[in-house]
file query-v3.txt (compact mmCIF, C-alpha atoms)
# COMPACT_ATOMS: atom_id res chain seq x y z
CA MET X 854 -45.42 -34.62 50.09
CA THR X 855 -44.79 -36.67 53.23
CA ARG X 856 -47.54 -37.38 55.75
CA LEU X 857 -46.10 -34.67 58.03
CA ASP X 858 -46.18 -32.20 55.11
CA GLN X 859 -49.87 -32.95 54.63
CA GLN X 860 -50.68 -32.85 58.35
CA PHE X 861 -48.97 -29.51 58.87
CA THR X 862 -50.67 -28.08 55.76
CA PHE X 863 -54.00 -29.07 57.32
CA LEU X 864 -53.06 -27.60 60.72
CA ALA X 865 -51.95 -24.30 59.16
CA GLU X 866 -55.27 -24.12 57.28
CA ALA X 867 -57.21 -24.90 60.47
CA GLU X 868 -55.64 -21.86 62.18
CA LYS X 869 -57.90 -19.68 60.00
CA LEU X 870 -60.94 -20.75 62.03
CA LYS X 871 -59.78 -18.18 64.60
CA SER X 872 -60.78 -15.45 62.12
CA VAL X 873 -64.36 -16.69 61.68
CA THR X 874 -66.61 -14.68 63.97
CA ARG X 875 -69.91 -15.78 65.44
CA ALA X 876 -73.11 -13.96 66.45
CA THR X 877 -72.51 -14.71 70.14
CA PRO X 878 -70.23 -12.38 72.13
CA ILE X 879 -67.62 -13.68 74.58
CA HIS X 880 -68.35 -13.69 78.32
CA ASP X 881 -67.83 -9.95 78.95
CA ALA X 882 -69.46 -8.81 75.68
CA SER X 883 -66.17 -7.15 74.64
CA ARG X 884 -66.08 -8.78 71.19
CA PRO X 885 -67.72 -11.54 69.11
CA GLU X 886 -66.65 -15.09 69.83
CA ASN X 887 -64.68 -16.84 67.09
CA SER X 888 -65.25 -20.39 65.94
CA GLY X 889 -61.83 -21.64 67.10
CA GLU X 890 -62.31 -20.69 70.72
CA HIS X 891 -65.99 -21.78 70.49
CA SER X 892 -64.76 -25.26 69.52
CA TRP X 893 -62.51 -25.30 72.59
CA SER X 894 -65.45 -24.35 74.82
CA LEU X 895 -67.54 -27.17 73.41
CA ALA X 896 -64.83 -29.75 73.98
CA LEU X 897 -64.56 -28.55 77.58
CA TYR X 898 -68.36 -28.75 77.90
CA ALA X 899 -68.22 -32.38 76.76
CA LEU X 900 -65.53 -33.21 79.30
CA THR X 901 -67.32 -31.41 82.13
CA LEU X 902 -70.85 -32.60 81.38
CA ALA X 903 -69.87 -36.16 80.44
CA GLU X 904 -72.16 -37.67 83.07
CA GLN X 905 -75.15 -36.12 81.24
CA ALA X 906 -74.49 -38.25 78.16
CA PRO X 907 -76.74 -41.27 77.69
CA GLU X 908 -75.22 -44.72 78.27
CA GLY X 909 -73.08 -45.83 75.35
CA VAL X 910 -71.87 -42.35 74.32
CA SER X 911 -68.09 -42.13 73.96
CA ILE X 912 -67.06 -38.74 75.35
CA ASP X 913 -63.68 -38.95 73.66
CA ARG X 914 -65.39 -39.41 70.27
CA VAL X 915 -67.71 -36.51 71.10
CA ILE X 916 -64.69 -34.34 71.91
CA ARG X 917 -63.01 -35.28 68.61
CA MET X 918 -66.21 -34.40 66.73
CA LEU X 919 -66.48 -31.04 68.45
CA LEU X 920 -62.84 -30.17 67.72
CA LEU X 921 -63.56 -30.65 63.99
CA HIS X 922 -67.19 -29.68 63.62
CA ASP X 923 -66.75 -26.04 62.60
CA LEU X 924 -63.71 -26.28 60.29
CA VAL X 925 -66.00 -25.95 57.25
CA GLU X 926 -66.68 -22.38 58.37
CA ILE X 927 -63.22 -21.44 57.09
CA ASP X 928 -64.85 -21.50 53.63
CA VAL X 929 -68.50 -20.87 54.44
CA GLY X 930 -68.48 -18.64 57.52
CA ASP X 931 -70.73 -19.04 60.53
CA VAL X 932 -74.47 -18.99 59.84
CA PRO X 933 -76.16 -17.61 62.97
CA ILE X 934 -78.98 -19.84 64.11
CA HIS X 935 -81.36 -16.90 64.67
CA SER X 936 -80.62 -15.19 61.32
CA LYS X 937 -83.40 -14.86 58.69
CA GLY X 938 -86.02 -15.77 61.27
CA GLY X 939 -84.21 -19.00 62.08
CA THR X 940 -84.33 -20.35 58.50
CA ALA X 941 -80.79 -19.66 57.20
CA HIS X 942 -79.16 -22.37 59.28
CA GLY X 943 -79.62 -25.67 57.47
CA ALA X 944 -80.62 -24.10 54.12
CA GLU X 945 -79.87 -26.33 51.12
CA ASP X 946 -77.19 -24.11 49.51
CA ILE X 947 -75.34 -23.74 52.81
CA LEU X 948 -75.35 -27.49 53.47
CA LYS X 949 -73.89 -28.03 49.98
CA ALA X 950 -71.19 -25.42 50.49
CA GLU X 951 -70.28 -26.97 53.86
CA ALA X 952 -70.02 -30.44 52.33
CA ALA X 953 -67.66 -29.10 49.64
CA ALA X 954 -65.60 -27.30 52.30
CA ALA X 955 -65.27 -30.52 54.29
CA GLU X 956 -63.98 -32.35 51.20
CA ARG X 957 -61.44 -29.60 50.56
CA ILE X 958 -60.20 -29.14 54.11
CA PHE X 959 -60.02 -32.78 55.25
CA GLY X 960 -58.63 -33.52 51.76
CA LEU X 961 -55.43 -31.73 52.80
CA LEU X 962 -54.62 -34.65 55.11
CA PRO X 963 -53.16 -38.06 54.18
CA GLY X 964 -55.98 -40.07 52.53
CA ASP X 965 -56.73 -42.48 55.38
CA GLN X 966 -56.72 -39.75 58.00
CA GLY X 967 -58.73 -37.29 55.91
CA ALA X 968 -61.38 -39.94 55.25
CA GLN X 969 -61.63 -40.68 58.97
CA MET X 970 -62.09 -37.04 59.95
CA LEU X 971 -64.54 -36.44 57.10
CA ALA X 972 -66.62 -39.40 58.28
CA LEU X 973 -66.62 -38.00 61.82
CA TRP X 974 -67.76 -34.60 60.52
CA GLN X 975 -70.50 -36.23 58.42
CA GLU X 976 -71.66 -38.23 61.43
CA PHE X 977 -71.92 -35.00 63.45
CA GLU X 978 -73.88 -33.30 60.68
CA ALA X 979 -76.26 -36.23 60.20
CA ASN X 980 -77.12 -36.01 63.91
CA GLU X 981 -78.35 -39.59 64.18
CA THR X 982 -75.86 -41.53 66.32
CA PRO X 983 -75.87 -41.10 70.12
CA ASP X 984 -72.41 -39.47 69.98
CA ALA X 985 -73.54 -36.93 67.37
CA ILE X 986 -76.81 -36.15 69.13
CA PHE X 987 -74.98 -35.42 72.40
CA ALA X 988 -72.33 -33.35 70.58
CA LYS X 989 -75.03 -31.31 68.80
CA SER X 990 -76.82 -30.61 72.06
CA LEU X 991 -73.62 -29.13 73.50
CA ASP X 992 -73.13 -27.04 70.34
CA ARG X 993 -76.61 -25.61 71.00
CA VAL X 994 -76.31 -25.02 74.73
CA GLN X 995 -72.99 -23.17 74.98
CA PRO X 996 -74.17 -20.10 72.95
CA VAL X 997 -77.31 -19.89 75.11
CA LEU X 998 -75.23 -19.65 78.26
CA LEU X 999 -72.78 -17.24 76.64
CA ASN X 1000 -75.62 -14.94 75.52
CA HIS X 1001 -76.95 -15.07 79.07
CA GLN X 1002 -73.52 -14.46 80.64
CA SER X 1003 -72.79 -11.50 78.35
CA GLY X 1004 -76.15 -9.76 78.86
CA GLY X 1005 -78.21 -10.92 75.88
CA GLY X 1006 -75.84 -11.06 72.91
CA SER X 1007 -77.44 -12.36 69.71
CA TRP X 1008 -80.91 -12.58 71.36
CA ILE X 1009 -80.95 -8.77 71.31
CA ASP X 1010 -79.45 -8.48 67.80
CA TYR X 1011 -82.02 -10.87 66.33
CA ASP X 1012 -84.90 -9.91 68.66
CA VAL X 1013 -85.41 -13.49 69.84
CA SER X 1014 -88.36 -14.46 72.07
CA PHE X 1015 -88.27 -17.22 74.65
CA THR X 1016 -90.71 -19.24 72.52
CA GLN X 1017 -88.34 -18.97 69.54
CA LEU X 1018 -85.39 -19.97 71.72
CA GLU X 1019 -87.29 -22.99 72.98
CA GLU X 1020 -88.38 -24.03 69.46
CA ARG X 1021 -85.10 -23.42 67.62
CA ILE X 1022 -82.69 -24.52 70.31
CA GLY X 1023 -84.29 -25.84 73.47
CA THR X 1024 -85.82 -28.84 71.72
CA LYS X 1025 -82.41 -29.72 70.24
CA ILE X 1026 -80.61 -29.45 73.56
CA ALA X 1027 -83.31 -31.54 75.21
CA ARG X 1028 -82.93 -34.25 72.56
CA GLY X 1029 -79.31 -34.94 73.59
CA ALA X 1030 -79.23 -33.76 77.19
CA PRO X 1031 -82.68 -33.22 78.73
CA ALA X 1032 -81.51 -32.39 82.27
CA VAL X 1033 -79.16 -29.77 80.84
CA TRP X 1034 -82.01 -28.01 79.03
CA ASP X 1035 -84.14 -28.07 82.19
CA TRP X 1036 -81.30 -26.39 84.10
CA VAL X 1037 -80.61 -23.83 81.41
CA ARG X 1038 -84.28 -23.00 80.75
CA ASP X 1039 -84.82 -22.20 84.43
CA ARG X 1040 -81.85 -19.79 84.35
CA VAL X 1041 -82.54 -17.96 81.10
CA GLU X 1042 -86.34 -17.70 81.19
CA GLY X 1043 -86.11 -14.77 83.60
CA TRP X 1044 -84.00 -12.76 81.17
CA PHE X 1045 -86.74 -12.94 78.53
CA ALA X 1046 -89.50 -12.25 81.07
CA ALA X 1047 -87.71 -9.12 82.28
CA ARG X 1048 -87.40 -7.88 78.68
CA SER X 1049 -90.97 -8.34 77.49
CA MET S 1044 -75.56 -26.41 94.90
CA THR S 1045 -76.27 -29.36 92.59
CA ARG S 1046 -73.58 -30.95 90.47
CA LEU S 1047 -74.92 -29.11 87.41
CA ASP S 1048 -74.74 -25.81 89.33
CA GLN S 1049 -71.07 -26.50 90.06
CA GLN S 1050 -70.29 -27.67 86.53
CA PHE S 1051 -71.87 -24.61 84.92
CA THR S 1052 -70.10 -22.31 87.39
CA PHE S 1053 -66.82 -23.88 86.28
CA LEU S 1054 -67.72 -23.59 82.58
CA ALA S 1055 -68.69 -19.92 82.94
CA GLU S 1056 -65.37 -19.25 84.68
CA ALA S 1057 -63.47 -21.10 81.94
CA GLU S 1058 -64.94 -18.75 79.31
CA LYS S 1059 -62.59 -16.06 80.66
CA LEU S 1060 -59.60 -17.85 79.12
CA LYS S 1061 -60.67 -16.23 75.84
CA SER S 1062 -59.56 -12.89 77.27
CA VAL S 1063 -56.03 -14.04 78.13
CA THR S 1064 -53.71 -12.99 75.31
CA ARG S 1065 -50.45 -14.64 74.31
CA ALA S 1066 -47.21 -13.39 72.78
CA THR S 1067 -47.86 -15.29 69.53
CA PRO S 1068 -50.06 -13.66 66.88
CA ILE S 1069 -52.74 -15.62 64.99
CA HIS S 1070 -52.02 -16.89 61.46
CA ASP S 1071 -52.42 -13.55 59.61
CA ALA S 1072 -50.73 -11.47 62.34
CA SER S 1073 -53.94 -9.43 62.74
CA ARG S 1074 -54.07 -9.81 66.53
CA PRO S 1075 -52.53 -11.79 69.42
CA GLU S 1076 -53.72 -15.33 69.91
CA ASN S 1077 -55.74 -16.00 73.08
CA SER S 1078 -55.30 -18.98 75.35
CA GLY S 1079 -58.76 -20.43 74.65
CA GLU S 1080 -58.27 -20.74 70.91
CA HIS S 1081 -54.65 -21.83 71.52
CA SER S 1082 -55.99 -24.74 73.58
CA TRP S 1083 -58.26 -25.72 70.68
CA SER S 1084 -55.29 -25.65 68.27
CA LEU S 1085 -53.31 -27.93 70.55
CA ALA S 1086 -56.12 -30.47 70.85
CA LEU S 1087 -56.37 -30.51 67.06
CA TYR S 1088 -52.59 -30.94 66.84
CA ALA S 1089 -52.85 -33.98 69.12
CA LEU S 1090 -55.58 -35.50 66.99
CA THR S 1091 -53.74 -34.81 63.73
CA LEU S 1092 -50.26 -35.82 64.86
CA ALA S 1093 -51.37 -38.82 66.91
CA GLU S 1094 -49.13 -41.20 64.94
CA GLN S 1095 -46.09 -39.24 66.16
CA ALA S 1096 -46.80 -40.20 69.76
CA PRO S 1097 -44.65 -42.99 71.24
CA GLU S 1098 -46.31 -46.36 71.82
CA GLY S 1099 -48.47 -46.36 74.93
CA VAL S 1100 -49.55 -42.71 74.75
CA SER S 1101 -53.32 -42.23 74.98
CA ILE S 1102 -54.23 -39.46 72.56
CA ASP S 1103 -57.59 -38.97 74.22
CA ARG S 1104 -55.88 -38.34 77.58
CA VAL S 1105 -53.46 -35.97 75.83
CA ILE S 1106 -56.42 -34.08 74.33
CA ARG S 1107 -58.10 -33.81 77.75
CA MET S 1108 -54.86 -32.48 79.24
CA LEU S 1109 -54.49 -29.90 76.51
CA LEU S 1110 -58.07 -28.70 76.89
CA LEU S 1111 -57.35 -27.93 80.56
CA HIS S 1112 -53.69 -27.04 80.61
CA ASP S 1113 -53.98 -23.25 80.38
CA LEU S 1114 -57.01 -22.58 82.61
CA VAL S 1115 -54.71 -21.36 85.39
CA GLU S 1116 -53.90 -18.38 83.16
CA ILE S 1117 -57.31 -16.94 84.02
CA ASP S 1118 -55.66 -15.92 87.32
CA VAL S 1119 -51.99 -15.73 86.38
CA GLY S 1120 -51.97 -14.66 82.71
CA ASP S 1121 -49.75 -16.10 80.02
CA VAL S 1122 -46.00 -15.97 80.68
CA PRO S 1123 -44.27 -15.75 77.27
CA ILE S 1124 -41.53 -18.33 76.94
CA HIS S 1125 -39.05 -15.86 75.46
CA SER S 1126 -39.70 -13.10 78.02
CA LYS S 1127 -36.90 -12.03 80.43
CA GLY S 1128 -34.32 -13.82 78.31
CA GLY S 1129 -36.25 -17.08 78.62
CA THR S 1130 -36.15 -17.16 82.44
CA ALA S 1131 -39.66 -15.98 83.42
CA HIS S 1132 -41.42 -19.16 82.35
CA GLY S 1133 -41.08 -21.69 85.15
CA ALA S 1134 -40.01 -19.14 87.79
CA GLU S 1135 -40.81 -20.21 91.36
CA ASP S 1136 -43.38 -17.50 92.12
CA ILE S 1137 -45.26 -18.16 88.89
CA LEU S 1138 -45.40 -21.90 89.51
CA LYS S 1139 -46.84 -21.20 92.97
CA ALA S 1140 -49.46 -18.82 91.61
CA GLU S 1141 -50.44 -21.35 88.94
CA ALA S 1142 -50.83 -24.11 91.53
CA ALA S 1143 -53.11 -21.87 93.60
CA ALA S 1144 -55.12 -20.98 90.49
CA ALA S 1145 -55.58 -24.65 89.68
CA GLU S 1146 -56.92 -25.30 93.20
CA ARG S 1147 -59.35 -22.41 92.88
CA ILE S 1148 -60.62 -23.11 89.36
CA PHE S 1149 -60.92 -26.91 89.50
CA GLY S 1150 -62.31 -26.41 93.01
CA LEU S 1151 -65.45 -24.94 91.44
CA LEU S 1152 -66.39 -28.44 90.22
CA PRO S 1153 -67.96 -31.28 92.21
CA GLY S 1154 -65.21 -32.73 94.45
CA ASP S 1155 -64.57 -35.98 92.56
CA GLN S 1156 -64.49 -34.27 89.18
CA GLY S 1157 -62.37 -31.34 90.34
CA ALA S 1158 -59.81 -33.71 91.88
CA GLN S 1159 -59.61 -35.66 88.61
CA MET S 1160 -59.02 -32.55 86.49
CA LEU S 1161 -56.53 -31.15 88.99
CA ALA S 1162 -54.58 -34.40 88.86
CA LEU S 1163 -54.54 -34.27 85.06
CA TRP S 1164 -53.27 -30.67 85.16
CA GLN S 1165 -50.58 -31.61 87.71
CA GLU S 1166 -49.51 -34.55 85.53
CA PHE S 1167 -49.14 -32.18 82.57
CA GLU S 1168 -47.10 -29.73 84.61
CA ALA S 1169 -44.82 -32.42 86.06
CA ASN S 1170 -43.98 -33.47 82.49
CA GLU S 1171 -42.90 -36.99 83.43
CA THR S 1172 -45.48 -39.42 82.04
CA PRO S 1173 -45.47 -40.28 78.31
CA ASP S 1174 -48.87 -38.57 77.88
CA ALA S 1175 -47.63 -35.36 79.52
CA ILE S 1176 -44.34 -35.32 77.60
CA PHE S 1177 -46.17 -35.64 74.28
CA ALA S 1178 -48.73 -32.99 75.28
CA LYS S 1179 -45.93 -30.58 76.31
CA SER S 1180 -44.14 -31.07 73.01
CA LEU S 1181 -47.31 -30.03 71.16
CA ASP S 1182 -47.70 -27.00 73.44
CA ARG S 1183 -44.19 -25.99 72.38
CA VAL S 1184 -44.48 -26.67 68.65
CA GLN S 1185 -47.72 -24.87 67.77
CA PRO S 1186 -46.41 -21.37 68.68
CA VAL S 1187 -43.28 -22.00 66.60
CA LEU S 1188 -45.37 -22.74 63.53
CA LEU S 1189 -47.72 -19.84 64.25
CA ASN S 1190 -44.79 -17.41 64.55
CA HIS S 1191 -43.48 -18.75 61.25
CA GLN S 1192 -46.90 -18.58 59.54
CA SER S 1193 -47.51 -15.01 60.71
CA GLY S 1194 -44.09 -13.67 59.67
CA GLY S 1195 -42.05 -13.82 62.89
CA GLY S 1196 -44.40 -12.89 65.73
CA SER S 1197 -42.84 -13.11 69.18
CA TRP S 1198 -39.41 -13.98 67.71
CA ILE S 1199 -39.21 -10.38 66.51
CA ASP S 1200 -40.68 -8.88 69.70
CA TYR S 1201 -38.18 -10.75 71.91
CA ASP S 1202 -35.29 -10.72 69.40
CA VAL S 1203 -34.91 -14.50 69.49
CA SER S 1204 -32.02 -16.26 67.72
CA PHE S 1205 -32.22 -19.72 66.19
CA THR S 1206 -29.85 -21.02 68.88
CA GLN S 1207 -32.18 -19.69 71.59
CA LEU S 1208 -35.19 -21.25 69.86
CA GLU S 1209 -33.40 -24.58 69.69
CA GLU S 1210 -32.32 -24.44 73.34
CA ARG S 1211 -35.56 -23.14 74.86
CA ILE S 1212 -38.04 -24.97 72.68
CA GLY S 1213 -36.52 -27.33 70.14
CA THR S 1214 -35.08 -29.63 72.79
CA LYS S 1215 -38.50 -29.83 74.46
CA ILE S 1216 -40.32 -30.62 71.23
CA ALA S 1217 -37.70 -33.24 70.37
CA ARG S 1218 -38.18 -34.90 73.77
CA GLY S 1219 -41.82 -35.75 73.02
CA ALA S 1220 -41.88 -35.83 69.23
CA PRO S 1221 -38.43 -35.97 67.62
CA ALA S 1222 -39.60 -36.31 64.00
CA VAL S 1223 -41.83 -33.28 64.47
CA TRP S 1224 -38.91 -31.12 65.60
CA ASP S 1225 -36.80 -32.32 62.65
CA TRP S 1226 -39.58 -31.27 60.27
CA VAL S 1227 -40.17 -27.92 61.97
CA ARG S 1228 -36.47 -27.06 62.33
CA ASP S 1229 -35.93 -27.54 58.60
CA ARG S 1230 -38.80 -25.13 57.84
CA VAL S 1231 -38.02 -22.35 60.32
CA GLU S 1232 -34.21 -22.27 60.17
CA GLY S 1233 -34.34 -20.29 56.92
CA TRP S 1234 -36.36 -17.52 58.54
CA PHE S 1235 -33.61 -16.92 61.12
CA ALA S 1236 -30.84 -17.21 58.51
CA ALA S 1237 -32.53 -14.58 56.32
CA ARG S 1238 -32.75 -12.20 59.30
CA SER S 1239 -29.19 -12.37 60.60
call {"tool": "encode", "arguments": {"input": "query-v3.txt", "output": "structure tokens"}}
result
Amino acid sequence: MTRLDQQFTFLAEAEKLKSVTRATPIHDASRPENSGEHSWSLALYALTLAEQAPEGVSIDRVIRMLLLHDLVEIDVGDVPIHSKGGTAHGAEDILKAEAAAAERIFGLLPGDQGAQMLALWQEFEANETPDAIFAKSLDRVQPVLLNHQSGGGSWIDYDVSFTQLEERIGTKIARGAPAVWDWVRDRVEGWFAARS
Amino acid sequence: MTRLDQQFTFLAEAEKLKSVTRATPIHDASRPENSGEHSWSLALYALTLAEQAPEGVSIDRVIRMLLLHDLVEIDVGDVPIHSKGGTAHGAEDILKAEAAAAERIFGLLPGDQGAQMLALWQEFEANETPDAIFAKSLDRVQPVLLNHQSGGGSWIDYDVSFTQLEERIGTKIARGAPAVWDWVRDRVEGWFAARS
């Protein structure tokens, strides 16, 4: 296999992310969002909200992370953040399955390149560097706005309260992009108030 | 309106790109690809095939271009490259409508940021700088591989011959990434030979 053989094998595998559906609907609630188009949204969020990133964050690295971050779902599927009372996401067995998926999928690439992308994915998952923390906060905020835009989405399906949203998600958005969470909270709080 | 108000207005508008469908099906031919997930694929192509770019190309600028390049389709729709015998794409009236769409959509952003994104989109469209030429070649190659992966796709719908593919698309891929077109041509030529 040449390097191009390996790279195109990886790219053909990556196409399957378009068949992984998420709990959040798209803007007009006509269908569930898939993880491929979700990854595009996040990269565009990073580009658009770059000035919200703390000093020292590389937006181009954040974009690269976000382009890759969900590829493991080709094997594992998307685990909705509000499922099982908010406990399924981050469960031990799922983290293990995702790590194995990352080894398999990035392992399709030439060794040097696969190792680089795997390291970027691991950095995102570990959520410790400034780049990863900002990337994670965008991954949390886009579904909130999409639920709001589409009329409730997975908040209705999982019967989510504003307190749960703030605990499960708001705190994580605020960690990477505090002004963004302030803006979003002010917009979505009314939706929950009107429902209760 | 604050800058965040403008940025989130733009991001909510951009979500609509997920409802613009293309002539190419997704990998398993189960449905048409949409322009949002297509943009994600292209950004991942750029990241994965970075070593195919000529010296001096900035892959991060190419990725930014590709994230934005199809937003005008929210107003204009996707114009399939093989439609009307290959003449519809690039027709005067469509180029005009796309330019107006770019003004409207990037105009939702704060002035400085909108102008920057508009300039990046115009650079992509003009197809003259090394970054734009490489980005365009990726925009041409991904649908070829997706048609091949899904069993023919828009080649069947538009009754495309290998000569037409080479003229309309192969030459454009070769302009930005000659080794990529060599690799792809060798893989897809058999599909056309088997059909004729």
call {"tool": "axis_aligned_box", "arguments": {"input": "query-v3.txt", "around": "segment 1222-1235 of chain S", "padding_each_side": "3 Å", "output": "lines of an AutoDock Vina configuration file"}}
result
center_x = -37.7
center_y = -26.6
center_z = 61.3
size_x = 14.2
size_y = 25.4
size_z = 14.7
call {"tool": "interface_residues", "arguments": {"input": "query-v3.txt", "of": "chain S", "to": "chain X", "cutoff": "6 Å", "atoms": "all atoms listed in the file", "output": "list in words"}}
result
Gly1079, Glu1080 and Trp1083 of chain S
call {"tool": "residues_around", "arguments": {"input": "query-v3.txt", "residues": "Ala1217 of chain S", "least_positions_apart": "6", "cutoff": "10 Å", "atoms": "all atoms listed in the file", "output": "JSON, numbers by chain"}}
result
{"S": [1177, 1180, 1183, 1184, 1209, 1223, 1224, 1225]}
call {"tool": "closest_residue", "arguments": {"input": "query-v3.txt", "among": "X:Trp1008, X:Gly1029, X:Arg1021, X:Val1013", "to": "Pro878 of chain X", "atoms": "all atoms listed in the file"}}
result
X:Trp1008
